[in-house]
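Engineer: Sharing coords-v4.cif here; it has mmCIF, C-alpha atoms.
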```cif
data_model
#
loop_
_atom_site.label_atom_id
_atom_site.label_comp_id
_atom_site.auth_asym_id
_atom_site.auth_seq_id
_atom_site.Cartn_x
_atom_site.Cartn_y
_atom_site.Cartn_z
CA MET A 1 92.47 109.12 75.66
CA LEU A 2 95.59 109.87 73.62
CA ALA A 3 94.82 113.58 73.72
CA ALA A 4 94.50 113.42 77.51
CA CYS A 5 98.05 112.09 77.75
CA SER A 6 99.52 115.26 76.31
CA SER A 7 101.59 117.12 78.87
CA GLY A 8 102.13 120.28 76.84
CA PRO A 9 99.91 123.36 76.70
CA VAL A 10 96.56 122.91 75.03
CA GLU A 11 96.14 125.35 72.18
CA LYS A 12 92.82 126.57 70.80
CA LYS A 13 92.10 127.31 67.16
CA ASP A 14 91.26 130.90 66.43
CA ARG A 15 89.14 131.97 63.46
CA ALA A 16 91.16 135.15 63.13
CA GLY A 17 94.47 133.33 62.87
CA PRO A 18 96.08 129.88 62.85
CA ARG A 19 96.53 129.58 66.61
CA ALA A 20 95.70 131.41 69.83
CA GLU A 21 97.80 131.69 72.96
CA PRO A 22 98.25 128.43 74.89
CA ASP A 23 95.40 127.74 77.34
CA LEU A 24 97.60 127.27 80.38
CA MET A 25 94.69 126.84 82.77
CA GLU A 26 93.38 123.83 80.87
CA ALA A 27 96.88 122.42 80.45
CA ALA A 28 97.42 122.71 84.21
CA ARG A 29 94.16 120.89 84.86
CA ILE A 30 95.10 118.07 82.51
CA ASN A 31 98.56 117.71 84.01
CA THR A 32 97.08 117.71 87.50
CA ASP A 33 94.69 114.90 86.56
CA LEU A 34 97.54 112.91 85.04
CA GLY A 35 99.76 113.55 88.04
CA LEU A 36 97.09 112.43 90.50
CA ASN A 37 96.48 109.25 88.50
CA TYR A 38 100.20 108.48 88.50
CA ALA A 39 100.34 109.14 92.24
CA ARG A 40 97.45 106.73 92.88
CA ALA A 41 99.35 104.11 90.91
CA GLY A 42 102.51 104.68 92.94
CA GLU A 43 104.39 106.16 89.95
CA TYR A 44 105.77 109.04 91.96
CA ASP A 45 108.46 110.23 89.55
CA LEU A 46 105.93 110.57 86.73
CA ALA A 47 103.43 112.14 89.12
CA LEU A 48 105.99 114.69 90.26
CA ASP A 49 106.83 115.66 86.68
CA LYS A 50 103.18 116.25 85.74
CA LEU A 51 102.31 118.12 88.92
CA GLN A 52 105.36 120.36 88.67
CA ARG A 53 104.30 121.27 85.14
CA ALA A 54 100.78 121.97 86.35
CA ILE A 55 102.06 124.37 89.00
CA GLU A 56 104.29 126.12 86.46
CA GLN A 57 101.26 126.57 84.21
CA ASN A 58 98.95 127.66 87.04
CA PRO A 59 100.67 128.45 90.35
CA ASN A 60 97.28 129.04 92.00
CA LEU A 61 95.81 125.60 91.37
CA ALA A 62 95.17 124.26 94.87
CA LEU A 63 94.56 120.69 93.72
CA ALA A 64 97.99 120.54 92.09
CA HIS A 65 99.65 121.73 95.31
CA ASN A 66 97.66 119.16 97.29
CA GLY A 67 98.76 116.41 94.91
CA ILE A 68 102.41 117.35 94.80
CA ALA A 69 102.46 117.61 98.60
CA TYR A 70 101.25 114.01 98.80
CA VAL A 71 103.96 112.91 96.35
CA TYR A 72 106.67 114.69 98.32
CA ALA A 73 105.38 113.05 101.50
CA GLN A 74 105.66 109.62 99.87
CA ARG A 75 109.22 110.47 98.84
CA LYS A 76 110.02 111.46 102.44
CA ASP A 77 110.61 115.10 101.49
CA SER A 78 108.75 116.47 104.51
CA SER A 79 109.79 120.08 104.07
CA ARG A 80 108.42 120.38 100.55
CA ALA A 81 105.31 118.38 101.42
CA ASP A 82 104.53 120.75 104.28
CA GLU A 83 105.16 123.78 102.07
CA HIS A 84 102.75 122.65 99.37
CA TYR A 85 100.02 121.53 101.79
CA LYS A 86 100.13 124.99 103.35
CA ARG A 87 99.98 126.59 99.92
CA ALA A 88 96.98 124.45 98.98
CA LEU A 89 95.16 125.53 102.14
CA ARG A 90 95.97 129.19 101.54
CA LEU A 91 94.54 128.91 98.04
CA ASN A 92 91.46 126.95 99.13
CA PRO A 93 91.16 127.30 102.93
CA GLY A 94 87.79 125.60 103.23
CA ASP A 95 88.65 122.43 101.32
CA PRO A 96 88.02 119.42 103.63
CA ALA A 97 89.99 116.95 101.49
CA THR A 98 93.14 119.07 101.72
CA ARG A 99 92.67 119.44 105.47
CA ASN A 100 92.27 115.68 105.82
CA ASN A 101 95.32 114.93 103.65
CA TYR A 102 97.47 117.47 105.44
CA ALA A 103 96.35 116.08 108.80
CA VAL A 104 97.40 112.56 107.77
CA PHE A 105 100.81 113.97 106.87
CA LEU A 106 101.09 115.88 110.15
CA CYS A 107 100.23 112.76 112.14
CA GLY A 108 103.04 110.92 110.38
CA GLU A 109 105.34 113.74 111.42
CA LYS A 110 104.23 113.32 115.06
CA ARG A 111 102.53 116.72 115.01
CA VAL A 112 99.50 115.11 116.59
CA ALA A 113 97.71 118.15 118.02
CA GLU A 114 97.88 119.98 114.68
CA ALA A 115 96.67 116.87 112.89
CA GLU A 116 93.72 116.39 115.22
CA LYS A 117 92.62 120.00 114.77
CA LEU A 118 92.61 119.63 110.98
CA PHE A 119 90.84 116.25 111.08
CA LEU A 120 88.02 117.76 113.12
CA GLN A 121 87.82 120.82 110.89
CA ALA A 122 87.54 118.54 107.86
CA ALA A 123 84.85 116.39 109.49
CA ALA A 124 82.83 119.47 110.42
CA THR A 125 82.83 120.92 106.89
CA PRO A 126 79.22 120.78 105.62
CA ARG A 127 80.19 120.11 102.00
CA TYR A 128 82.52 117.21 102.80
CA GLU A 129 81.08 114.12 101.13
CA ALA A 130 82.85 111.65 103.43
CA PRO A 131 83.34 113.22 106.89
CA GLU A 132 83.55 109.72 108.41
CA ASN A 133 86.95 109.33 106.74
CA ALA A 134 88.33 112.27 108.70
CA TYR A 135 87.10 110.71 111.95
CA ILE A 136 88.60 107.33 111.02
CA ASN A 137 91.94 108.98 110.27
CA ALA A 138 91.75 110.89 113.54
CA GLY A 139 91.13 107.61 115.35
CA VAL A 140 94.03 105.88 113.63
CA CYS A 141 96.30 108.79 114.51
CA ALA A 142 95.20 108.71 118.15
CA ARG A 143 95.66 104.95 118.36
CA ARG A 144 99.15 105.08 116.85
CA ASN A 145 100.11 107.69 119.38
CA GLY A 146 98.96 105.76 122.43
CA ASP A 147 95.48 107.16 123.03
CA PRO A 148 93.00 104.25 122.57
CA VAL A 149 90.21 106.11 124.41
CA LYS A 150 90.27 108.97 121.93
CA ALA A 151 90.61 106.48 119.08
CA ASP A 152 87.46 104.73 120.28
CA THR A 153 85.61 108.05 120.34
CA TYR A 154 86.55 108.94 116.79
CA PHE A 155 85.79 105.50 115.34
CA ARG A 156 82.36 105.62 116.96
CA LYS A 157 81.74 109.10 115.51
CA ALA A 158 82.58 107.68 112.09
CA LEU A 159 80.06 104.88 112.63
CA GLU A 160 77.40 107.36 113.72
CA LEU A 161 77.80 109.04 110.35
CA LYS A 162 78.11 105.82 108.36
CA PRO A 163 77.13 102.67 110.31
CA GLN A 164 78.30 100.41 107.47
CA SER A 165 81.78 101.89 107.17
CA ALA A 166 83.93 98.79 106.73
CA GLU A 167 87.12 100.53 107.79
CA ALA A 168 85.59 101.98 110.96
CA LEU A 169 84.18 98.56 111.89
CA ARG A 170 87.54 96.89 111.26
CA GLN A 171 89.34 99.48 113.36
CA MET A 172 86.86 99.05 116.22
CA ALA A 173 87.19 95.25 116.13
CA SER A 174 90.97 95.51 116.19
CA LEU A 175 90.90 98.09 118.98
CA CYS A 176 88.60 95.89 121.08
CA VAL A 177 90.97 92.95 120.67
CA GLU A 178 93.83 95.16 121.77
CA ARG A 179 91.83 96.07 124.89
CA LYS A 180 90.85 92.39 125.44
CA ASP A 181 87.18 93.28 125.01
CA TYR A 182 86.61 90.16 122.94
CA LEU A 183 82.81 90.11 123.02
CA ARG A 184 82.61 93.57 121.49
CA ALA A 185 85.36 92.62 119.06
CA ARG A 186 83.24 89.72 117.84
CA ALA A 187 80.23 91.99 117.41
CA PHE A 188 82.16 94.56 115.38
CA LEU A 189 83.82 91.85 113.30
CA GLN A 190 80.45 90.28 112.50
CA ARG A 191 79.18 93.67 111.37
CA TYR A 192 82.30 94.11 109.27
CA GLU A 193 81.83 90.74 107.59
CA LYS A 194 78.43 91.87 106.29
CA VAL A 195 79.90 94.86 104.43
CA GLY A 196 83.60 94.23 103.83
CA PRO A 197 85.80 91.57 102.23
CA ALA A 198 87.86 89.11 104.23
CA THR A 199 91.49 90.14 104.53
CA SER A 200 94.42 88.63 106.34
CA ALA A 201 94.01 91.34 108.98
CA THR A 202 90.31 90.71 109.61
CA LEU A 203 90.72 86.93 109.69
CA PHE A 204 93.53 87.33 112.19
CA ILE A 205 91.28 89.54 114.30
CA GLY A 206 88.82 86.65 114.20
CA VAL A 207 91.48 84.18 115.37
CA ARG A 208 92.46 86.36 118.30
CA THR A 209 88.85 87.18 119.20
CA GLU A 210 87.72 83.55 119.35
CA LEU A 211 90.81 82.50 121.28
CA GLY A 212 90.10 85.31 123.72
CA LEU A 213 86.54 84.04 124.15
CA GLY A 214 87.76 80.46 124.61
CA ASP A 215 86.14 79.24 121.40
CA GLU A 216 88.86 77.02 119.96
CA GLN A 217 86.65 75.74 117.15
CA GLY A 218 85.82 79.27 116.07
CA ALA A 219 89.49 80.19 116.18
CA ALA A 220 90.33 77.09 114.12
CA ARG A 221 87.83 78.10 111.44
CA TYR A 222 89.37 81.54 111.12
CA THR A 223 92.86 80.02 111.13
CA GLU A 224 91.95 77.60 108.35
CA ARG A 225 90.60 80.42 106.19
CA LEU A 226 93.60 82.60 106.91
CA GLN A 227 96.09 79.94 105.89
CA LYS A 228 94.07 78.93 102.84
CA GLU A 229 93.22 82.39 101.49
CA PHE A 230 96.33 84.32 102.55
CA PRO A 231 99.08 81.70 102.97
CA GLU A 232 101.96 84.16 102.45
CA SER A 233 100.65 86.89 104.75
CA GLU A 234 102.41 87.92 107.93
CA GLU A 235 99.32 86.96 109.91
CA SER A 236 99.20 83.47 108.42
CA LEU A 237 102.87 82.90 109.12
CA SER A 238 102.38 84.17 112.66
CA VAL A 239 99.58 81.70 113.27
CA SER A 240 101.67 78.90 111.79
CA ASN A 241 104.50 79.78 114.14
CA ALA A 242 102.07 80.04 117.07
CA ALA A 243 103.39 83.50 117.87
CA PRO A 244 100.77 86.03 116.70
CA PRO A 245 101.90 89.68 116.80
CA THR A 246 99.91 92.31 118.64
CA SER A 247 97.36 94.17 116.54
#
```
Reformat the file's structure so that it appears as C-alpha cells.
Structural biologist:
Amino acid sequence: MLAACSSGPVEKKDRAGPRAEPDLMEAARINTDLGLNYARAGEYDLALDKLQRAIEQNPNLALAHNGIAYVYAQRKDSSRADEHYKRALRLNPGDPATRNNYAVFLCGEKRVAEAEKLFLQAAATPRYEAPENAYINAGVCARRNGDPVKADTYFRKALELKPQSAEALRQMASLCVERKDYLRARAFLQRYEKVGPATSATLFIGVRTELGLGDEQGAARYTERLQKEFPESEESLSVSNAAPPTS
C-alpha cells in the first residue's frame, strides 16, 4: 500500500546495471489510480495533481484524461473539462464509460442534444457492463430539461435491462408523483423498497404518494419514519412545516 502511494516514476532493476530508465507507463497508471481515488473522495486538488502527473508521464492515457475532465467539471472549469473529455474520446472512441461521463457533463452545460446522443451511444455499446446507467442518466437529463415523456421512456428502458435497478425505480416513482399518477408511484416505490435502502427522498415520495391517494394513515407512517430516521433532512423539515417542495 505504501508503494502504491508513490507519485514518482517507477524504476525497474536491471541486471546489467544499477537502474533502468523510469517506467513512465506504469507510473502514469499508478498516478491515474490515485487521482481517481482522490476524485471519488472529493479531494479534487490532490486528484488534479496526480492526474496531471499521469498525463505528463503518458499523454495518451485515455483514463487519465477522463478522470481529469471530471475533476475540472467539479471545479467549474468547463473549458478544460470539455477539452479533456474530447481528448479521452479521441484516444478511446468506443469507450462507453467516457461517453456516459461526457454526456453527464454536457447535460450540465445545457448541451442536451449532444448529451442525449452520447448517452444512447454508450447504452448501445455491446461491451458496456451497465448500459442501464446511461439510460438513467439520459432520463434524468430529459427530466431536468422539461421533457418528462422522454424521461419516462429512458427510465423504462433502464428497467427493461435491469428490473431491480434501485435508481431507475426511484426515478420512476418520483416522476409519477410529479405527474400525479399516484397509483403507479406507489407500485414503483414498493418495488424500490424491495431492492433499495430508505432515504429521505424515497420516504418523502411515500408521503406525497399516500397523500395523493387519500391514505392519511399511510402518509403518517412515512412521515413518522422520515422524521425519525432523517430528522435534519430538507424533506423532514418540509413535512414539519407542512410545505413540501415539489419533487
Engineer: Using all atoms listed in the file, which protein or nucleic acid residues come within 8 Å of Asn31 (chain A)? Drop anything in the same chain fewer than 3 positions from it, and give the result as a list of chain:residue names.
Structural biologist: A:Ser7, A:Ala27, A:Ala28, A:Leu34, A:Gly35, A:Lys50, A:Leu51, A:Arg53, A:Ala54
Engineer: Save the residues we just selected, C-alpha atoms, as a tab-separated table (two decimals), in the coordinates of the input?
Structural biologist:
```tsv
chain	number	residue	atom	x	y	z
A	7	SER	CA	101.59	117.12	78.87
A	27	ALA	CA	96.88	122.42	80.45
A	28	ALA	CA	97.42	122.71	84.21
A	34	LEU	CA	97.54	112.91	85.04
A	35	GLY	CA	99.76	113.55	88.04
A	50	LYS	CA	103.18	116.25	85.74
A	51	LEU	CA	102.31	118.12	88.92
A	53	ARG	CA	104.30	121.27	85.14
A	54	ALA	CA	100.78	121.97	86.35
```
Engineer: Which is closer to His84 (chain A) than all the others in A:Ala123, A:Ala142, A:Leu61, A:Val104, using all atoms listed in the file?
Structural biologist: A:Leu61
Engineer: May I have the centre and edge lengths, in Å to one decimal, of an axis-aligned box around the listed atoms of region 187-196 of chain A with 5 Å added to every side, as lines of an AutoDock Vina configuration file?
Structural biologist:
```
center_x = 81.1
center_y = 92.6
center_z = 110.6
size_x = 15.4
size_y = 14.6
size_z = 23.6
```
Engineer: Could the residues of region 74-146 of chain A that have an atom at most 12 Å from region 153-177 of chain A be listed as a tab-separated table, each with its closest atom pair and the distance in Å to one decimal, counting all atoms listed in the file and ordered by chain and ascending residue number?
Structural biologist:
```
residue	atom	partner	partner_atom	distance
A:Glu116	CA	A:Tyr154	CA	10.5
A:Phe119	CA	A:Tyr154	CA	10.2
A:Leu120	CA	A:Tyr154	CA	9.7
A:Ala123	CA	A:Ala158	CA	9.4
A:Ala124	CA	A:Leu161	CA	11.6
A:Glu129	CA	A:Leu161	CA	11.0
A:Ala130	CA	A:Leu161	CA	9.0
A:Pro131	CA	A:Ala158	CA	7.6
A:Glu132	CA	A:Ala158	CA	4.3
A:Asn133	CA	A:Ala158	CA	7.1
A:Ala134	CA	A:Ala158	CA	8.1
A:Tyr135	CA	A:Tyr154	CA	5.2
A:Ile136	CA	A:Phe155	CA	5.5
A:Asn137	CA	A:Tyr154	CA	8.5
A:Ala138	CA	A:Tyr154	CA	6.4
A:Gly139	CA	A:Tyr154	CA	5.0
A:Val140	CA	A:Gln171	CA	7.9
A:Cys141	CA	A:Tyr154	CA	10.0
A:Ala142	CA	A:Tyr154	CA	8.8
A:Arg143	CA	A:Leu175	CA	8.4
A:Arg144	CA	A:Leu175	CA	11.0
A:Gly146	CA	A:Leu175	CA	11.6
```
Engineer: Rounded to one decimal in Å, what is the spacing between CA of Gln57 (chain A) and CA of Ala122 (chain A)?
Structural biologist: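 Value for the CA of Gln57 (chain A)-CA of Ala122 (chain A) distance: 28.5 Å.
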Engineer: How many Å separate CA of Arg80 (chain A) from CA of Thr32 (chain A)?
Structural biologist: 17.5 Å
Engineer: Would you compute the distance between CA of Phe204 (chain A) and CA of Glu235 (chain A)? Give it in Å to one decimal.
Structural biologist: 6.2 Å
Engineer: Find the residues with any atom within 12 Å of (91.0, 78.9, 116.8); use only C-alpha atoms and the coordinates as given in the file, and write the answer as a ChimeraX atom specification.
Structural biologist: /A:203-226,239-240,242
Engineer: With all atoms listed in the file as the atoms that count, which of A:Tyr128, A:Tyr44, A:Tyr182, A:Phe105 lies nearest to Glu83 (chain A)?
Structural biologist: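 Looking only at the distances to Glu83 (chain A), the closest residue turns out to be A:Phe105.
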Engineer: Neighbours of Arg40 (chain A) within 12 Å (all atoms listed in the file; same-chain residues fewer than 4 positions away dropped), as a list in words?
Structural biologist: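 So, after excluding close chain neighbours, the residues are Asp33, Leu34, Gly35, Leu36, Tyr44, Leu46, Ala47, Leu48, Gly67, Ile68, Tyr70, Val71 and Gln74 of chain A.
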Engineer: Could you save those same residues with C-alpha atoms as a tab-separated table (two decimals), in the coordinates of the input?
Structural biologist:
```tsv
chain	number	residue	atom	x	y	z
A	33	ASP	CA	94.69	114.90	86.56
A	34	LEU	CA	97.54	112.91	85.04
A	35	GLY	CA	99.76	113.55	88.04
A	36	LEU	CA	97.09	112.43	90.50
A	44	TYR	CA	105.77	109.04	91.96
A	46	LEU	CA	105.93	110.57	86.73
A	47	ALA	CA	103.43	112.14	89.12
A	48	LEU	CA	105.99	114.69	90.26
A	67	GLY	CA	98.76	116.41	94.91
A	68	ILE	CA	102.41	117.35	94.80
A	70	TYR	CA	101.25	114.01	98.80
A	71	VAL	CA	103.96	112.91	96.35
A	74	GLN	CA	105.66	109.62	99.87
```
